[in-house]
Amino acid sequence: MTTTLITGANKGLGFETARRLVAAGHTVLLAARDAERGRRAAEELGVRAIRLDVTDDASVRAAAAEVAAAGGLDVLVNNAGIQREMDARGVVSGPGKLSVDALRATFETNVFGTVRVTDAFLPLLEASAAPVVVNVSSGLASLTRVTEAGTPTHAYPGVAYPASKAAVNMITVQYAKAFPRLRINAVEPGFTKTDLNAHTGLQTVGEGAEVIVRMACLGPDGPTGGYFDADGTLPW
């Protein structure tokens, strides 16, 4: 049985990924910053809730210890993320209008949180027969796409979120090189309707979760160090 932990899984893409992986036969550990919201979401899916705040060292260490005591881990989905440059109307603050505090908070969750969680669970993953890490990135992390005039990606004015996800892509590549037995990849779910973007997205969470689920189910011969969406490999 494959044991999978998903961060930020009490709603949105994380919750849908958990639902789909349960259906695929995984033992899912639903990790959430808010213990009560996590408990309710886990009860709905019939899985175990894990309290995990990716920005807090003690919380992450406690979660790793809990998972170790429960029997180990095969798949880690680094899904937890925030978007601090978009307001409730979906308006994005561009260069010159974004505060350093918002940038710092974005990196604390999206970048430092990814490293903090991955490092804490590496010993468990290395003990697995088929360890997998899926880092939820974004198409906005592609420098190729962001610089392609006339595209929706080029038109996006924000700084913090794309920069944080570009950093996640680099983390993905460097960890994949350092731990070649693990399958470590970054994925772009697509512009999905979630709280992250004030539900301005163009696709459902079911469509967005497709590539996350696919990469979470990789075998030992699957790709590593890559950047993918539902249609295949993306340009860096």
# chains A, B, ... in the order shown; residues from 1 in each chain; ligands from 1
>>> select_by_dssp(residues="segment 52-190 of chain A", states="strand (DSSP E)", output="PDB file with N, CA and C atoms, in the first residue's frame")
ATOM      1  N   VAL A  75       4.987   8.827  -0.731  1.00  0.00           N
ATOM      2  CA  VAL A  75       4.759   9.957  -1.642  1.00  0.00           C
ATOM      3  C   VAL A  75       4.488  11.217  -0.829  1.00  0.00           C
ATOM      4  N   LEU A  76       5.174  12.292  -1.208  1.00  0.00           N
ATOM      5  CA  LEU A  76       4.943  13.601  -0.605  1.00  0.00           C
ATOM      6  C   LEU A  76       4.476  14.552  -1.687  1.00  0.00           C
ATOM      7  N   VAL A  77       3.330  15.181  -1.467  1.00  0.00           N
ATOM      8  CA  VAL A  77       2.825  16.201  -2.395  1.00  0.00           C
ATOM      9  C   VAL A  77       2.895  17.553  -1.694  1.00  0.00           C
ATOM     10  N   ASN A  78       3.838  18.374  -2.129  1.00  0.00           N
ATOM     11  CA  ASN A  78       3.993  19.731  -1.576  1.00  0.00           C
ATOM     12  C   ASN A  78       3.008  20.654  -2.291  1.00  0.00           C
ATOM     13  N   VAL A 132       8.391   9.205  -4.034  1.00  0.00           N
ATOM     14  CA  VAL A 132       7.987  10.230  -4.997  1.00  0.00           C
ATOM     15  C   VAL A 132       7.739  11.545  -4.267  1.00  0.00           C
ATOM     16  N   VAL A 133       8.181  12.645  -4.880  1.00  0.00           N
ATOM     17  CA  VAL A 133       7.851  13.988  -4.398  1.00  0.00           C
ATOM     18  C   VAL A 133       7.242  14.770  -5.553  1.00  0.00           C
ATOM     19  N   VAL A 134       6.079  15.357  -5.316  1.00  0.00           N
ATOM     20  CA  VAL A 134       5.432  16.211  -6.309  1.00  0.00           C
ATOM     21  C   VAL A 134       5.375  17.626  -5.737  1.00  0.00           C
ATOM     22  N   ASN A 135       6.029  18.556  -6.408  1.00  0.00           N
ATOM     23  CA  ASN A 135       6.000  19.960  -6.004  1.00  0.00           C
ATOM     24  C   ASN A 135       5.021  20.715  -6.897  1.00  0.00           C
ATOM     25  N   VAL A 136       3.958  21.245  -6.294  1.00  0.00           N
ATOM     26  CA  VAL A 136       2.966  21.971  -7.086  1.00  0.00           C
ATOM     27  C   VAL A 136       3.528  23.354  -7.423  1.00  0.00           C
ATOM     28  N   ARG A 183      11.743  10.073  -7.218  1.00  0.00           N
ATOM     29  CA  ARG A 183      11.153  10.714  -8.395  1.00  0.00           C
ATOM     30  C   ARG A 183      10.614  12.061  -7.912  1.00  0.00           C
ATOM     31  N   ILE A 184      11.294  13.147  -8.261  1.00  0.00           N
ATOM     32  CA  ILE A 184      10.952  14.482  -7.764  1.00  0.00           C
ATOM     33  C   ILE A 184      10.649  15.381  -8.955  1.00  0.00           C
ATOM     34  N   ASN A 185       9.413  15.852  -9.045  1.00  0.00           N
ATOM     35  CA  ASN A 185       9.007  16.653 -10.195  1.00  0.00           C
ATOM     36  C   ASN A 185       8.142  17.837  -9.771  1.00  0.00           C
ATOM     37  N   ALA A 186       8.145  18.861 -10.614  1.00  0.00           N
ATOM     38  CA  ALA A 186       7.280  20.029 -10.439  1.00  0.00           C
ATOM     39  C   ALA A 186       6.125  19.922 -11.425  1.00  0.00           C
ATOM     40  N   VAL A 187       4.936  20.343 -10.987  1.00  0.00           N
ATOM     41  CA  VAL A 187       3.775  20.263 -11.872  1.00  0.00           C
ATOM     42  C   VAL A 187       3.036  21.590 -11.930  1.00  0.00           C
TER      43      VAL A 187
END
>>> select_by_dssp(residues="segment 11-133 of chain A", states="helix (DSSP H, G or I)", output="PyMOL selection string")
chain A and resi 12-23+35-45+57-70+100-126
>>> atom_distance(atom1="atom CA of Arg51 of chain A", atom2="atom CA of Glu36 of chain A")
8.9 Å
>>> closest_atom_pairs(of="segment 115-163 of chain A", to="segment 69-72 of chain A", cutoff="12 Å", atoms="only C-alpha atoms", output="tab-separated table")
residue	atom	partner	partner_atom	distance
A:Phe121	CA	A:Gly72	CA	9.1
A:Leu122	CA	A:Gly72	CA	10.6
A:Pro123	CA	A:Gly72	CA	9.2
A:Leu124	CA	A:Gly72	CA	5.6
A:Leu125	CA	A:Gly72	CA	7.7
A:Glu126	CA	A:Gly72	CA	10.0
A:Ala127	CA	A:Gly72	CA	7.9
A:Ser128	CA	A:Gly72	CA	7.7
A:Ala129	CA	A:Gly72	CA	11.0
A:Pro131	CA	A:Gly72	CA	10.8
>>> residues_around(residues="segment 10-19 of chain A", least_positions_apart="2", cutoff="10 Å", atoms="only C-alpha atoms", output="ChimeraX atom specification")
/A:4-8,21-24,26-42,44-47,49,77-80,136,189,192-196,204-214,216
>>> write_last_selection(atoms="N, CA and C atoms", output="short mmCIF file (atom, residue, chain, number, x, y, z; two decimals), in the first residue's frame")
data_model
loop_
_atom_site.label_atom_id
_atom_site.label_comp_id
_atom_site.auth_asym_id
_atom_site.auth_seq_id
_atom_site.Cartn_x
_atom_site.Cartn_y
_atom_site.Cartn_z
N THR A 4 0.66 8.31 1.19
CA THR A 4 0.87 9.62 0.58
C THR A 4 0.44 10.73 1.52
N LEU A 5 1.31 11.71 1.70
CA LEU A 5 0.97 12.89 2.48
C LEU A 5 0.84 14.09 1.55
N ILE A 6 -0.24 14.85 1.73
CA ILE A 6 -0.51 16.02 0.90
C ILE A 6 -0.64 17.24 1.81
N THR A 7 0.19 18.25 1.60
CA THR A 7 0.09 19.46 2.42
C THR A 7 -1.01 20.37 1.87
N GLY A 8 -1.60 21.17 2.74
CA GLY A 8 -2.65 22.09 2.33
C GLY A 8 -3.81 21.38 1.69
N LEU A 21 -6.57 10.18 -5.04
CA LEU A 21 -5.57 9.19 -4.66
C LEU A 21 -6.16 8.11 -3.74
N VAL A 22 -7.13 8.50 -2.93
CA VAL A 22 -7.85 7.48 -2.16
C VAL A 22 -8.51 6.50 -3.12
N ALA A 23 -9.14 7.02 -4.16
CA ALA A 23 -9.80 6.17 -5.15
C ALA A 23 -8.79 5.29 -5.89
N ALA A 24 -7.54 5.76 -5.99
CA ALA A 24 -6.49 4.99 -6.66
C ALA A 24 -5.85 3.96 -5.73
N HIS A 26 -4.38 4.68 -2.60
CA HIS A 26 -3.37 5.19 -1.68
C HIS A 26 -3.94 5.32 -0.27
N THR A 27 -3.07 5.14 0.71
CA THR A 27 -3.39 5.53 2.08
C THR A 27 -3.00 6.99 2.21
N VAL A 28 -3.98 7.88 2.29
CA VAL A 28 -3.72 9.32 2.24
C VAL A 28 -3.69 9.91 3.64
N LEU A 29 -2.67 10.72 3.89
CA LEU A 29 -2.56 11.52 5.10
C LEU A 29 -2.83 12.96 4.69
N LEU A 30 -3.93 13.49 5.18
CA LEU A 30 -4.39 14.83 4.77
C LEU A 30 -3.81 15.86 5.74
N ALA A 31 -2.83 16.62 5.28
CA ALA A 31 -2.15 17.60 6.13
C ALA A 31 -2.75 18.97 5.94
N ALA A 32 -3.00 19.65 7.06
CA ALA A 32 -3.58 20.99 7.01
C ALA A 32 -3.04 21.82 8.16
N ARG A 33 -2.92 23.11 7.93
CA ARG A 33 -2.43 24.03 8.97
C ARG A 33 -3.44 24.16 10.10
N ASP A 34 -4.73 24.25 9.74
CA ASP A 34 -5.79 24.37 10.72
C ASP A 34 -6.29 22.97 11.08
N ALA A 35 -6.09 22.58 12.34
CA ALA A 35 -6.40 21.21 12.76
C ALA A 35 -7.87 20.88 12.58
N GLU A 36 -8.77 21.80 12.89
CA GLU A 36 -10.19 21.51 12.79
C GLU A 36 -10.65 21.38 11.34
N ARG A 37 -10.16 22.27 10.49
CA ARG A 37 -10.52 22.16 9.07
C ARG A 37 -9.95 20.88 8.47
N GLY A 38 -8.75 20.54 8.89
CA GLY A 38 -8.16 19.30 8.43
C GLY A 38 -8.95 18.09 8.88
N ARG A 39 -9.40 18.10 10.13
CA ARG A 39 -10.18 16.99 10.67
C ARG A 39 -11.48 16.81 9.89
N ARG A 40 -12.17 17.92 9.61
CA ARG A 40 -13.43 17.83 8.88
C ARG A 40 -13.22 17.30 7.46
N ALA A 41 -12.19 17.80 6.80
CA ALA A 41 -11.91 17.33 5.44
C ALA A 41 -11.53 15.86 5.44
N ALA A 42 -10.72 15.45 6.41
CA ALA A 42 -10.30 14.05 6.49
C ALA A 42 -11.49 13.13 6.75
N GLU A 44 -14.52 13.63 5.83
CA GLU A 44 -15.31 13.56 4.60
C GLU A 44 -14.75 12.51 3.65
N LEU A 45 -13.42 12.39 3.62
CA LEU A 45 -12.77 11.44 2.71
C LEU A 45 -12.50 10.09 3.35
N GLY A 46 -12.64 10.01 4.66
CA GLY A 46 -12.33 8.76 5.36
C GLY A 46 -10.85 8.50 5.46
N VAL A 47 -10.05 9.56 5.67
CA VAL A 47 -8.60 9.43 5.78
C VAL A 47 -8.12 10.02 7.10
N ALA A 49 -6.10 12.73 9.35
CA ALA A 49 -5.67 14.13 9.33
C ALA A 49 -4.35 14.28 10.07
N VAL A 77 3.33 15.18 -1.47
CA VAL A 77 2.82 16.20 -2.39
C VAL A 77 2.90 17.55 -1.69
N ASN A 78 3.84 18.37 -2.13
CA ASN A 78 3.99 19.73 -1.58
C ASN A 78 3.01 20.65 -2.29
N ASN A 79 1.79 20.68 -1.76
CA ASN A 79 0.71 21.44 -2.39
C ASN A 79 0.44 22.78 -1.72
N ALA A 80 0.71 22.90 -0.42
CA ALA A 80 0.38 24.12 0.31
C ALA A 80 1.03 25.33 -0.35
N VAL A 136 3.96 21.24 -6.29
CA VAL A 136 2.97 21.97 -7.09
C VAL A 136 3.53 23.35 -7.42
N PRO A 189 -0.70 22.77 -12.45
CA PRO A 189 -2.08 22.29 -12.52
C PRO A 189 -2.93 23.02 -13.54
N THR A 192 -6.79 27.12 -12.24
CA THR A 192 -7.89 26.39 -11.63
C THR A 192 -8.67 27.28 -10.66
N LYS A 193 -9.98 27.12 -10.63
CA LYS A 193 -10.82 27.89 -9.73
C LYS A 193 -10.61 27.44 -8.29
N THR A 194 -9.89 28.24 -7.51
CA THR A 194 -9.65 27.96 -6.10
C THR A 194 -9.62 29.27 -5.32
N ASP A 195 -9.54 29.14 -3.99
CA ASP A 195 -9.42 30.34 -3.15
C ASP A 195 -8.15 31.12 -3.48
N LEU A 196 -7.13 30.42 -3.96
CA LEU A 196 -5.83 31.05 -4.25
C LEU A 196 -5.97 32.21 -5.21
N THR A 204 -11.83 23.35 -13.50
CA THR A 204 -12.25 22.79 -12.23
C THR A 204 -11.08 22.19 -11.47
N VAL A 205 -11.29 21.94 -10.18
CA VAL A 205 -10.23 21.29 -9.40
C VAL A 205 -9.98 19.88 -9.90
N GLY A 206 -11.02 19.25 -10.46
CA GLY A 206 -10.82 17.92 -11.03
C GLY A 206 -9.85 17.95 -12.19
N GLU A 207 -9.97 18.97 -13.03
CA GLU A 207 -9.04 19.11 -14.16
C GLU A 207 -7.65 19.49 -13.66
N GLY A 208 -7.59 20.37 -12.65
CA GLY A 208 -6.30 20.80 -12.14
C GLY A 208 -5.53 19.70 -11.43
N ALA A 209 -6.26 18.82 -10.76
CA ALA A 209 -5.60 17.76 -9.99
C ALA A 209 -5.05 16.64 -10.87
N GLU A 210 -5.45 16.61 -12.14
CA GLU A 210 -5.08 15.51 -13.02
C GLU A 210 -3.57 15.26 -13.04
N VAL A 211 -2.78 16.29 -13.29
CA VAL A 211 -1.33 16.09 -13.41
C VAL A 211 -0.70 15.81 -12.05
N ILE A 212 -1.26 16.35 -10.97
CA ILE A 212 -0.73 16.07 -9.64
C ILE A 212 -0.89 14.60 -9.32
N VAL A 213 -2.08 14.08 -9.57
CA VAL A 213 -2.37 12.67 -9.31
C VAL A 213 -1.48 11.78 -10.17
N ARG A 214 -1.35 12.11 -11.43
CA ARG A 214 -0.54 11.32 -12.35
C ARG A 214 0.90 11.22 -11.86
N ALA A 216 1.99 11.75 -8.83
CA ALA A 216 2.05 11.10 -7.52
C ALA A 216 2.05 9.58 -7.65
#
>>> residues_around(residues="segment 103-120 of chain A", least_positions_apart="3", cutoff="7 Å", atoms="only C-alpha atoms", output="list in words")
Val54, Thr55, Val60, Arg61, Ala64, Asn78, Gly81, Ile82, Gln83, Arg84, Ser99, Val100, Ala160, Tyr161, Ser164, Ala167 and Val168 of chain A
>>> atom_distance(atom1="atom CA of Met86 of chain A", atom2="atom CA of Ser137 of chain A")
17.1 Å
>>> residues_around(residues="Asp221 of chain A", least_positions_apart="2", cutoff="10 Å", atoms="only C-alpha atoms", output="NGL selection string")
:A and (130 or 181 or 183 or 218-219 or 223-224)
>>> atom_distance(atom1="atom CA of Thr144 of chain A", atom2="atom CA of Ala166 of chain A")
11.3 Å
>>> closest_residue(among="A:Leu73, A:Leu182, A:Val159, A:Ala63", to="Ala141 of chain A", atoms="only C-alpha atoms")
A:Val159
